[in-house]
Structure formats: C-alpha cells, structure tokens
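File shown: upload.json (JSON, C-alpha atoms).
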[["chain", "number", "residue", "atom", "x", "y", "z"],
["A", 1, "MET", "CA", -18.03, 20.09, 0.20],
["A", 2, "THR", "CA", -17.39, 23.28, 2.09],
["A", 3, "ALA", "CA", -14.52, 22.18, 4.32],
["A", 4, "PRO", "CA", -12.17, 19.20, 4.14],
["A", 5, "ASP", "CA", -13.33, 16.32, 6.34],
["A", 6, "ALA", "CA", -11.02, 13.92, 8.18],
["A", 7, "GLY", "CA", -10.49, 11.80, 5.07],
["A", 8, "LEU", "CA", -9.34, 14.68, 2.91],
["A", 9, "ARG", "CA", -7.29, 16.14, 5.77],
["A", 10, "LEU", "CA", -5.40, 12.85, 6.03],
["A", 11, "LEU", "CA", -4.82, 12.82, 2.27],
["A", 12, "SER", "CA", -3.68, 16.46, 2.31],
["A", 13, "ALA", "CA", -1.30, 15.87, 5.22],
["A", 14, "ALA", "CA", 0.21, 12.87, 3.42],
["A", 15, "ALA", "CA", 0.51, 14.83, 0.16],
["A", 16, "ALA", "CA", 2.29, 17.68, 1.97],
["A", 17, "THR", "CA", 5.15, 15.35, 2.93],
["A", 18, "PHE", "CA", 6.11, 15.06, -0.74],
["A", 19, "GLN", "CA", 6.63, 18.81, -1.03],
["A", 20, "ASP", "CA", 9.76, 18.73, 1.10],
["A", 21, "ASP", "CA", 12.55, 16.44, -0.12],
["A", 22, "ALA", "CA", 14.86, 17.29, 2.80],
["A", 23, "PRO", "CA", 15.69, 14.26, 5.00],
["A", 24, "SER", "CA", 13.96, 14.08, 8.36],
["A", 25, "ALA", "CA", 15.86, 14.39, 11.63],
["A", 26, "GLY", "CA", 15.49, 10.64, 12.17],
["A", 27, "GLU", "CA", 16.94, 9.88, 8.75],
["A", 28, "SER", "CA", 19.86, 12.22, 9.37],
["A", 29, "VAL", "CA", 20.69, 10.67, 12.76],
["A", 30, "GLY", "CA", 20.30, 7.15, 11.34],
["A", 31, "GLY", "CA", 22.66, 8.02, 8.51],
["A", 32, "TRP", "CA", 25.23, 9.39, 10.94],
["A", 33, "PHE", "CA", 25.22, 6.16, 12.99],
["A", 34, "LEU", "CA", 25.51, 4.10, 9.81],
["A", 35, "ASP", "CA", 28.50, 6.13, 8.63],
["A", 36, "ALA", "CA", 30.13, 5.77, 12.04],
["A", 37, "GLU", "CA", 29.87, 1.97, 12.03],
["A", 38, "MET", "CA", 32.98, -0.07, 11.25],
["A", 39, "PRO", "CA", 32.41, -2.90, 8.74],
["A", 40, "ALA", "CA", 32.66, -6.36, 10.29],
["A", 41, "ALA", "CA", 34.78, -8.97, 8.54],
["A", 42, "LEU", "CA", 33.10, -12.28, 7.65],
["A", 43, "GLY", "CA", 34.63, -15.52, 8.82],
["A", 44, "PRO", "CA", 36.07, -17.95, 6.24],
["A", 45, "ASP", "CA", 33.14, -20.35, 6.80],
["A", 46, "ALA", "CA", 30.37, -17.71, 6.71],
["A", 47, "LEU", "CA", 28.95, -18.94, 3.39],
["A", 48, "ASP", "CA", 28.93, -22.58, 4.56],
["A", 49, "GLN", "CA", 27.12, -21.56, 7.75],
["A", 50, "THR", "CA", 24.51, -19.68, 5.74],
["A", 51, "PHE", "CA", 23.79, -22.69, 3.51],
["A", 52, "ALA", "CA", 23.64, -24.94, 6.58],
["A", 53, "ARG", "CA", 21.00, -22.72, 8.17],
["A", 54, "ILE", "CA", 18.97, -22.73, 4.96],
["A", 55, "ALA", "CA", 19.12, -26.53, 4.86],
["A", 56, "ALA", "CA", 18.01, -26.69, 8.50],
["A", 57, "LEU", "CA", 15.02, -24.44, 7.77],
["A", 58, "GLU", "CA", 13.98, -26.70, 4.89],
["A", 59, "ALA", "CA", 14.02, -29.72, 7.20],
["A", 60, "ILE", "CA", 11.87, -28.33, 10.02],
["A", 61, "ASP", "CA", 8.22, -29.17, 10.67],
["A", 62, "PRO", "CA", 5.82, -27.83, 7.98],
["A", 63, "ARG", "CA", 3.80, -25.97, 10.63],
["A", 64, "THR", "CA", 6.95, -24.20, 11.75],
["A", 65, "ARG", "CA", 7.67, -23.27, 8.13],
["A", 66, "TYR", "CA", 4.15, -21.85, 7.87],
["A", 67, "PHE", "CA", 4.62, -19.65, 10.93],
["A", 68, "ALA", "CA", 8.08, -18.64, 9.73],
["A", 69, "ALA", "CA", 6.60, -17.62, 6.37],
["A", 70, "ALA", "CA", 3.84, -15.69, 8.15],
["A", 71, "ALA", "CA", 6.40, -13.89, 10.30],
["A", 72, "LYS", "CA", 8.44, -13.08, 7.21],
["A", 73, "GLU", "CA", 5.34, -11.69, 5.48],
["A", 74, "ALA", "CA", 4.48, -9.57, 8.54],
["A", 75, "THR", "CA", 8.02, -8.23, 8.68],
["A", 76, "ARG", "CA", 7.93, -7.36, 4.97],
["A", 77, "SER", "CA", 4.60, -5.60, 5.39],
["A", 78, "LEU", "CA", 5.89, -3.57, 8.33],
["A", 79, "GLY", "CA", 9.00, -2.69, 6.34],
["A", 80, "GLU", "CA", 6.87, -1.40, 3.48],
["A", 81, "LEU", "CA", 4.61, 0.58, 5.81],
["A", 82, "SER", "CA", 7.67, 2.26, 7.30],
["A", 83, "MET", "CA", 8.32, 3.83, 3.89],
["A", 84, "LEU", "CA", 4.96, 5.64, 3.91],
["A", 85, "PRO", "CA", 4.32, 9.14, 5.30],
["A", 86, "ASP", "CA", 4.08, 9.20, 9.09],
["A", 87, "VAL", "CA", 0.39, 10.18, 9.10],
["A", 88, "VAL", "CA", -0.45, 7.20, 6.89],
["A", 89, "GLN", "CA", 1.70, 4.86, 8.98],
["A", 90, "GLN", "CA", -0.14, 5.93, 12.12],
["A", 91, "ALA", "CA", -3.54, 5.47, 10.49],
["A", 92, "ALA", "CA", -2.50, 2.01, 9.25],
["A", 93, "PHE", "CA", -1.25, 0.97, 12.70],
["A", 94, "ASP", "CA", -4.49, 2.28, 14.25],
["A", 95, "ALA", "CA", -6.41, 0.14, 11.76],
["A", 96, "ILE", "CA", -4.35, -2.96, 12.58],
["A", 97, "GLY", "CA", -4.73, -2.24, 16.31],
["A", 98, "SER", "CA", -8.51, -2.12, 15.92],
["A", 99, "GLY", "CA", -8.53, -5.53, 14.27],
["A", 100, "ARG", "CA", -8.63, -4.52, 10.62],
["A", 101, "ARG", "CA", -6.63, -6.54, 8.13],
["A", 102, "TRP", "CA", -5.64, -6.48, 4.50],
["A", 103, "GLY", "CA", -8.29, -7.84, 2.14],
["A", 104, "MET", "CA", -8.27, -8.72, -1.54],
["A", 105, "ALA", "CA", -9.49, -5.97, -3.85],
["A", 106, "GLY", "CA", -8.56, -7.66, -7.12],
["A", 107, "PHE", "CA", -5.75, -9.71, -8.61],
["A", 108, "GLY", "CA", -2.53, -8.41, -7.10],
["A", 109, "ILE", "CA", -4.34, -5.70, -5.14],
["A", 110, "ARG", "CA", -4.85, -5.58, -1.38],
["A", 111, "ARG", "CA", -6.89, -3.03, 0.53],
["A", 112, "MET", "CA", -7.14, -2.00, 4.17],
["A", 113, "THR", "CA", -9.87, 0.42, 5.20],
["A", 114, "LEU", "CA", -8.56, 2.99, 7.66],
["A", 115, "PRO", "CA", -10.64, 4.02, 10.71],
["A", 116, "VAL", "CA", -11.29, 7.64, 9.77],
["A", 117, "ASP", "CA", -14.39, 9.38, 11.13],
["A", 118, "ALA", "CA", -15.63, 11.01, 7.92],
["A", 119, "PRO", "CA", -18.48, 10.73, 5.37],
["A", 120, "CYS", "CA", -16.13, 8.91, 3.03],
["A", 121, "LYS", "CA", -14.25, 5.64, 2.78],
["A", 122, "VAL", "CA", -10.49, 5.83, 3.23],
["A", 123, "ASP", "CA", -8.51, 2.88, 1.88],
["A", 124, "LEU", "CA", -4.82, 2.11, 1.87],
["A", 125, "LEU", "CA", -4.09, 0.17, -1.32],
["A", 126, "ARG", "CA", -1.15, -2.11, -2.07],
["A", 127, "ILE", "CA", -0.82, -2.87, -5.79],
["A", 128, "GLU", "CA", 1.67, -5.40, -7.08],
["A", 129, "PRO", "CA", 3.84, -4.26, -10.02],
["A", 130, "GLY", "CA", 1.86, -4.66, -13.23],
["A", 131, "ALA", "CA", -1.48, -5.29, -11.47],
["A", 132, "GLY", "CA", -4.43, -3.04, -12.15],
["A", 133, "VAL", "CA", -8.14, -2.33, -11.84],
["A", 134, "ALA", "CA", -10.62, -2.93, -14.64],
["A", 135, "SER", "CA", -12.07, 0.13, -16.37],
["A", 136, "HIS", "CA", -14.65, 1.77, -14.13],
["A", 137, "ASP", "CA", -16.62, 4.92, -13.37],
["A", 138, "HIS", "CA", -17.45, 6.50, -10.01],
["A", 139, "GLU", "CA", -20.76, 7.35, -8.36],
["A", 140, "ALA", "CA", -19.05, 10.25, -6.55],
["A", 141, "GLU", "CA", -15.64, 11.86, -6.15],
["A", 142, "GLU", "CA", -12.60, 9.74, -5.44],
["A", 143, "TYR", "CA", -9.14, 11.14, -4.67],
["A", 144, "THR", "CA", -6.15, 8.80, -4.88],
["A", 145, "LEU", "CA", -2.71, 9.87, -3.66],
["A", 146, "VAL", "CA", 0.24, 7.78, -4.85],
["A", 147, "LEU", "CA", 2.61, 7.03, -1.95],
["A", 148, "THR", "CA", 5.15, 4.70, -3.57],
["A", 149, "GLY", "CA", 5.62, 3.37, -7.08],
["A", 150, "ALA", "CA", 3.42, 4.71, -9.86],
["A", 151, "PHE", "CA", 0.39, 3.86, -11.98],
["A", 152, "HIS", "CA", -1.13, 4.92, -15.30],
["A", 153, "ASP", "CA", -4.90, 5.14, -15.56],
["A", 154, "GLY", "CA", -5.13, 5.24, -19.36],
["A", 155, "HIS", "CA", -5.07, 9.04, -19.35],
["A", 156, "ALA", "CA", -1.93, 10.04, -17.45],
["A", 157, "ARG", "CA", 0.87, 8.75, -15.23],
["A", 158, "PHE", "CA", 0.77, 9.31, -11.48],
["A", 159, "GLY", "CA", 3.87, 8.99, -9.28],
["A", 160, "PRO", "CA", 4.62, 9.64, -5.60],
["A", 161, "GLY", "CA", 2.86, 12.80, -4.42],
["A", 162, "ASP", "CA", 0.47, 12.92, -7.41],
["A", 163, "ILE", "CA", -3.29, 12.87, -6.83],
["A", 164, "ASN", "CA", -5.63, 11.15, -9.27],
["A", 165, "VAL", "CA", -9.15, 12.60, -9.23],
["A", 166, "GLY", "CA", -12.03, 10.40, -10.32],
["A", 167, "LEU", "CA", -15.37, 12.12, -10.93],
["A", 168, "PRO", "CA", -18.72, 10.73, -12.08],
["A", 169, "GLY", "CA", -18.59, 10.20, -15.84],
["A", 170, "PHE", "CA", -14.80, 9.80, -15.92],
["A", 171, "ARG", "CA", -13.79, 6.24, -16.76],
["A", 172, "HIS", "CA", -10.28, 5.03, -16.12],
["A", 173, "ALA", "CA", -8.31, 1.83, -15.52],
["A", 174, "PRO", "CA", -5.36, 2.37, -13.14],
["A", 175, "GLN", "CA", -2.49, -0.08, -13.62],
["A", 176, "ALA", "CA", 0.70, -0.11, -11.55],
["A", 177, "GLU", "CA", 4.02, 0.20, -13.34],
["A", 178, "THR", "CA", 6.42, -2.71, -13.23],
["A", 179, "GLY", "CA", 9.41, -2.70, -10.92],
["A", 180, "GLN", "CA", 7.98, -1.45, -7.62],
["A", 181, "VAL", "CA", 4.97, -2.03, -5.41],
["A", 182, "CYS", "CA", 2.53, 0.86, -5.63],
["A", 183, "TYR", "CA", 0.99, 2.07, -2.38],
["A", 184, "ALA", "CA", -1.86, 4.56, -2.66],
["A", 185, "LEU", "CA", -4.27, 6.31, -0.33],
["A", 186, "ALA", "CA", -7.81, 6.49, -1.73],
["A", 187, "VAL", "CA", -10.56, 8.72, -0.35],
["A", 188, "GLY", "CA", -13.89, 7.91, -1.93],
["A", 189, "TYR", "CA", -17.38, 9.35, -1.48],
["A", 190, "GLY", "CA", -19.09, 6.62, -3.46],
["A", 191, "PRO", "CA", -18.28, 3.23, -4.93],
["A", 192, "ALA", "CA", -16.67, 2.50, -8.27],
["A", 193, "THR", "CA", -19.04, 1.17, -10.92],
["A", 194, "PHE", "CA", -17.95, -1.53, -13.37],
["A", 195, "GLU", "CA", -19.44, -2.83, -16.60],
["A", 196, "GLY", "CA", -19.38, -6.25, -18.29],
["A", 197, "PRO", "CA", -18.29, -9.30, -16.23],
["A", 198, "MET", "CA", -16.91, -7.09, -13.45],
["A", 199, "GLY", "CA", -20.22, -5.22, -13.30],
["A", 200, "LEU", "CA", -22.10, -8.51, -12.96],
["A", 201, "LEU", "CA", -19.72, -9.63, -10.22],
["A", 202, "GLN", "CA", -20.28, -6.33, -8.44],
["A", 203, "LYS", "CA", -24.08, -6.77, -8.55],
["A", 204, "LEU", "CA", -23.86, -10.33, -7.26],
["A", 205, "THR", "CA", -21.28, -9.85, -4.53],
["A", 206, "GLY", "CA", -21.09, -6.14, -3.82],
["A", 207, "PHE", "CA", -17.45, -6.19, -4.94],
["A", 208, "GLY", "CA", -15.89, -2.70, -4.90],
["A", 209, "ARG", "CA", -18.53, -1.21, -2.65]]

What is this structure when it is put down as structure tokens?
Amino acid sequence: MTAPDAGLRLLSAAAATFQDDAPSAGESVGGWFLDAEMPAALGPDALDQTFARIAALEAIDPRTRYFAAAAKEATRSLGELSMLPDVVQQAAFDAIGSGRRWGMAGFGIRRMTLPVDAPCKVDLLRIEPGAGVASHDHEAEEYTLVLTGAFHDGHARFGPGDINVGLPGFRHAPQAETGQVCYALAVGYGPATFEGPMGLLQKLTGFGR
C-alpha cells in the first residue's frame, strides 16, 4: 500500500492520542468544577430510602424491568465509549446513527463494524476480561490498536496504544487480560482463517469473514 487509506488513517489518529498523556482541556475544566463542588451531607434515612427503591424496582412489571435493564446496558455502553479516543467515539456514533449495532464475534467478544470508506474492514472490538480468540492466521494484513485494557496473543503483551500486526503466516491467539474490558480497533484487509472445529464453523457459516 502506497498511502494510508481511511482505515489506517483512523487507526493512526487514534494511536496518536496515546502519545500525549497531558489531560485535555475538557478534562481540566471538569476537574476544576469537581474540586469546586461542596460535598452534600446524606440524610439519616438515606440508606433506608435506597433499599426501599431497590425493593420497588424488584416489584415492578417484568417488561419494565427488561426496558430498565436495556437502558442500563445502553448507559454502560455509552460510558465505555466515552473513554475511547475522540476519533473512535465519533466513528462509533456514526455507525450507531447509521443503524449498525454490536454483534457477537465469539464468547465474550462483541464487534461493531465502523462505516469507513476504505478497501479494508474496520471493526471496534469489545472483549470481556479473560475472553479470547482461537488461534488463527490471516489472509492479509491486520492491524489492531488496543484502546483500553490489554491482551496477550501468545507472543507478546499489548496494552493501550500498542498495535498488534497480523500478517499471512503468523498465527496467534489474542486473549484479554483479567480485570478490565479490552477495547480494540482492528483494521483488516482480509479475513482471519481458523483450523479445526473453528475452521469448520467458518466454512459452514462464514464466521470471522
């Protein structure tokens, strides 16, 4: 490739944010307001009120509980996305705005394909602590930037700001470390190729392509 396409430019822009550890202007202003706030005292019955609200939630209609759980999940997801580099946040929100959603990419792994006009596939990955991908090869280059958390692919450890490069003939099995959700941005120019049961599943279903 002679010049970086939109996929690699997005990955490079996200990687560049890890080269400057200084807090952003927004973080600095937010910290100032937080420091300026006076702590509010809790009432003597605050704990009883909290337990009463929990009991009330447990007694409401199951459908309401379902929507409450869905709202909680959406809030958690938005909170996690807010921790990612701005360029990745924007791409993720563009994807959601265009109707794209998270999909399963394995046990404990979710994937959302970002709408990037490039000859590659750009995926935002969310990997639960301890979850991983079976050993696989690649038909073409794949570049994976760690955004939060960390994973080990059987060869080396990759933390925030590190880029894992997968080339044809290089087999690895990325697995997230325990303790923190691992978000990663993957730019691939060809699908992963699995062997054994996973390879059979891939042939039957197109999984991973």

Atom CA of A:Asp86 sits from atom CA of A:Glu141 at a separation of 25.1 Å

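Considering all atoms listed in the file, the residue among A:Gly154, A:Pro4, A:Gly188, A:Pro168 positioned nearest to A:Val133 is A:Gly154.
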
Can you pull out every residue within 10 Å of A:Pro115, counting only C-alpha atoms, but drop anything in the same chain fewer than 2 positions away, and send it as an MDAnalysis selection string? chainID A and resid 7 91:92 94:96 98 100 112:113 117:118 121:123

May I have the protein, DNA and RNA residues with any atom at most 9 Å from the point (-7.8, 8.3, -20.2), counting only C-alpha atoms, written as a list in words? His152, Asp153, Gly154, His155, Ala156, Phe170, Arg171, His172 and Ala173 of chain A

With C-alpha atoms retained, write the just-selected residues as a PDB file, in the frame of the given file.
ATOM      1  CA  HIS A 152      -1.130   4.920 -15.300  1.00  0.00           C
ATOM      2  CA  ASP A 153      -4.900   5.140 -15.560  1.00  0.00           C
ATOM      3  CA  GLY A 154      -5.130   5.240 -19.360  1.00  0.00           C
ATOM      4  CA  HIS A 155      -5.070   9.040 -19.350  1.00  0.00           C
ATOM      5  CA  ALA A 156      -1.930  10.040 -17.450  1.00  0.00           C
ATOM      6  CA  PHE A 170     -14.800   9.800 -15.920  1.00  0.00           C
ATOM      7  CA  ARG A 171     -13.790   6.240 -16.760  1.00  0.00           C
ATOM      8  CA  HIS A 172     -10.280   5.030 -16.120  1.00  0.00           C
ATOM      9  CA  ALA A 173      -8.310   1.830 -15.520  1.00  0.00           C
TER      10      ALA A 173
END

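If all atoms listed in the file are the atoms counted, then among A:Gly179, A:Pro174, A:Gly43, A:Gly149 the closest residue to A:Ser135 is A:Pro174.
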
Residue with the minimum atom-to-atom distance to A:Ala131, picked from A:Ile163, A:Ala13, A:Thr178, A:Ser82 with only C-alpha atoms counted, is A:Thr178

Please report the interatomic distance between atom CA of A:Leu11 and atom CA of A:Glu195 in Å with one decimal.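 One can read the atom CA of A:Leu11 to atom CA of A:Glu195 distance as 28.5 Å.
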
Pick from A:Phe93, A:Met104, A:Phe158, A:Phe194 nearest to A:His138, counting all atoms listed in the file: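 Counting all atoms listed in the file, the residue closest to A:His138 is A:Phe194.
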
Which value, in Å to one decimal, gives the distance between atom CA of A:Gln175 and atom CA of A:Val87?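 Atom-to-atom, atom CA of A:Gln175 to atom CA of A:Val87, that is 25.1 Å.
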
For A:Thr193, which residue out of A:Asp5, A:Asp45, A:Glu142, A:Asp137 is the nearest one, using only C-alpha atoms? A:Asp137

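Shortest atom-to-atom contact with A:Pro191 among A:Leu47, A:Leu145, A:Ala150, A:Cys120: A:Cys120, counting all atoms listed in the file.
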
Padding of 8 Å on every side, edges along x, y and z, all listed atoms of stretch 155-158 of chain A included: what centre and edge lengths in Å, to one decimal, does that box have, as AutoDock Vina command-line options?
--center_x -2.1 --center_y 9.4 --center_z -15.4 --size_x 21.9 --size_y 17.3 --size_z 23.9

May I ask you to restore N, CA, C and O atoms in stretch 139-160 of chain A and write the result as a compact mmCIF listing (two decimals), keeping the file's coordinate frame?
# COMPACT_ATOMS: atom_id res chain seq x y z
N GLU A 139 -19.47 6.73 -8.70
CA GLU A 139 -20.76 7.35 -8.36
C GLU A 139 -20.55 8.72 -7.72
O GLU A 139 -21.47 9.54 -7.71
N ALA A 140 -19.38 8.96 -7.18
CA ALA A 140 -19.05 10.25 -6.55
C ALA A 140 -17.55 10.44 -6.63
O ALA A 140 -16.83 9.61 -7.18
N GLU A 141 -17.07 11.55 -6.06
CA GLU A 141 -15.64 11.86 -6.15
C GLU A 141 -14.79 10.81 -5.47
O GLU A 141 -15.16 10.24 -4.45
N GLU A 142 -13.61 10.58 -6.06
CA GLU A 142 -12.60 9.74 -5.44
C GLU A 142 -11.24 10.40 -5.67
O GLU A 142 -10.93 10.80 -6.79
N TYR A 143 -10.47 10.53 -4.60
CA TYR A 143 -9.14 11.14 -4.67
C TYR A 143 -8.11 10.10 -4.26
O TYR A 143 -8.20 9.53 -3.17
N THR A 144 -7.15 9.84 -5.14
CA THR A 144 -6.15 8.80 -4.88
C THR A 144 -4.76 9.40 -4.92
O THR A 144 -4.32 9.93 -5.95
N LEU A 145 -4.07 9.35 -3.78
CA LEU A 145 -2.71 9.87 -3.66
C LEU A 145 -1.73 8.70 -3.77
O LEU A 145 -1.82 7.73 -3.03
N VAL A 146 -0.79 8.80 -4.70
CA VAL A 146 0.24 7.78 -4.85
C VAL A 146 1.30 8.00 -3.77
O VAL A 146 1.83 9.12 -3.62
N LEU A 147 1.63 6.94 -3.04
CA LEU A 147 2.61 7.03 -1.95
C LEU A 147 3.96 6.44 -2.36
O LEU A 147 5.01 6.99 -2.04
N THR A 148 3.93 5.30 -3.04
CA THR A 148 5.15 4.70 -3.57
C THR A 148 4.83 4.11 -4.94
O THR A 148 3.68 3.80 -5.24
N GLY A 149 5.86 3.93 -5.76
CA GLY A 149 5.62 3.37 -7.08
C GLY A 149 4.89 4.36 -7.97
O GLY A 149 4.95 5.58 -7.77
N ALA A 150 4.15 3.85 -8.93
CA ALA A 150 3.42 4.71 -9.86
C ALA A 150 2.38 3.87 -10.59
O ALA A 150 2.48 2.64 -10.67
N PHE A 151 1.35 4.54 -11.12
CA PHE A 151 0.39 3.86 -11.98
C PHE A 151 -0.03 4.79 -13.11
O PHE A 151 0.13 6.01 -13.04
N HIS A 152 -0.57 4.18 -14.16
CA HIS A 152 -1.13 4.92 -15.30
C HIS A 152 -2.58 4.51 -15.42
O HIS A 152 -2.90 3.32 -15.38
N ASP A 153 -3.47 5.48 -15.54
CA ASP A 153 -4.90 5.14 -15.56
C ASP A 153 -5.50 5.16 -16.97
O ASP A 153 -6.72 5.16 -17.13
N GLY A 154 -4.64 5.17 -17.99
CA GLY A 154 -5.13 5.24 -19.36
C GLY A 154 -5.21 6.66 -19.88
O GLY A 154 -5.41 6.89 -21.08
N HIS A 155 -5.05 7.62 -18.97
CA HIS A 155 -5.07 9.04 -19.35
C HIS A 155 -3.74 9.72 -19.03
O HIS A 155 -3.26 10.53 -19.81
N ALA A 156 -3.17 9.40 -17.88
CA ALA A 156 -1.93 10.04 -17.45
C ALA A 156 -1.22 9.15 -16.45
O ALA A 156 -1.80 8.21 -15.90
N ARG A 157 0.06 9.48 -16.21
CA ARG A 157 0.87 8.75 -15.23
C ARG A 157 0.85 9.49 -13.90
O ARG A 157 0.92 10.73 -13.86
N PHE A 158 0.80 8.73 -12.81
CA PHE A 158 0.77 9.31 -11.48
C PHE A 158 1.85 8.64 -10.63
O PHE A 158 1.85 7.42 -10.46
N GLY A 159 2.78 9.47 -10.12
CA GLY A 159 3.87 8.99 -9.28
C GLY A 159 3.71 9.49 -7.87
O GLY A 159 2.71 10.14 -7.52
N PRO A 160 4.70 9.23 -7.00
CA PRO A 160 4.62 9.64 -5.60
C PRO A 160 4.31 11.13 -5.44
O PRO A 160 4.97 11.98 -6.03
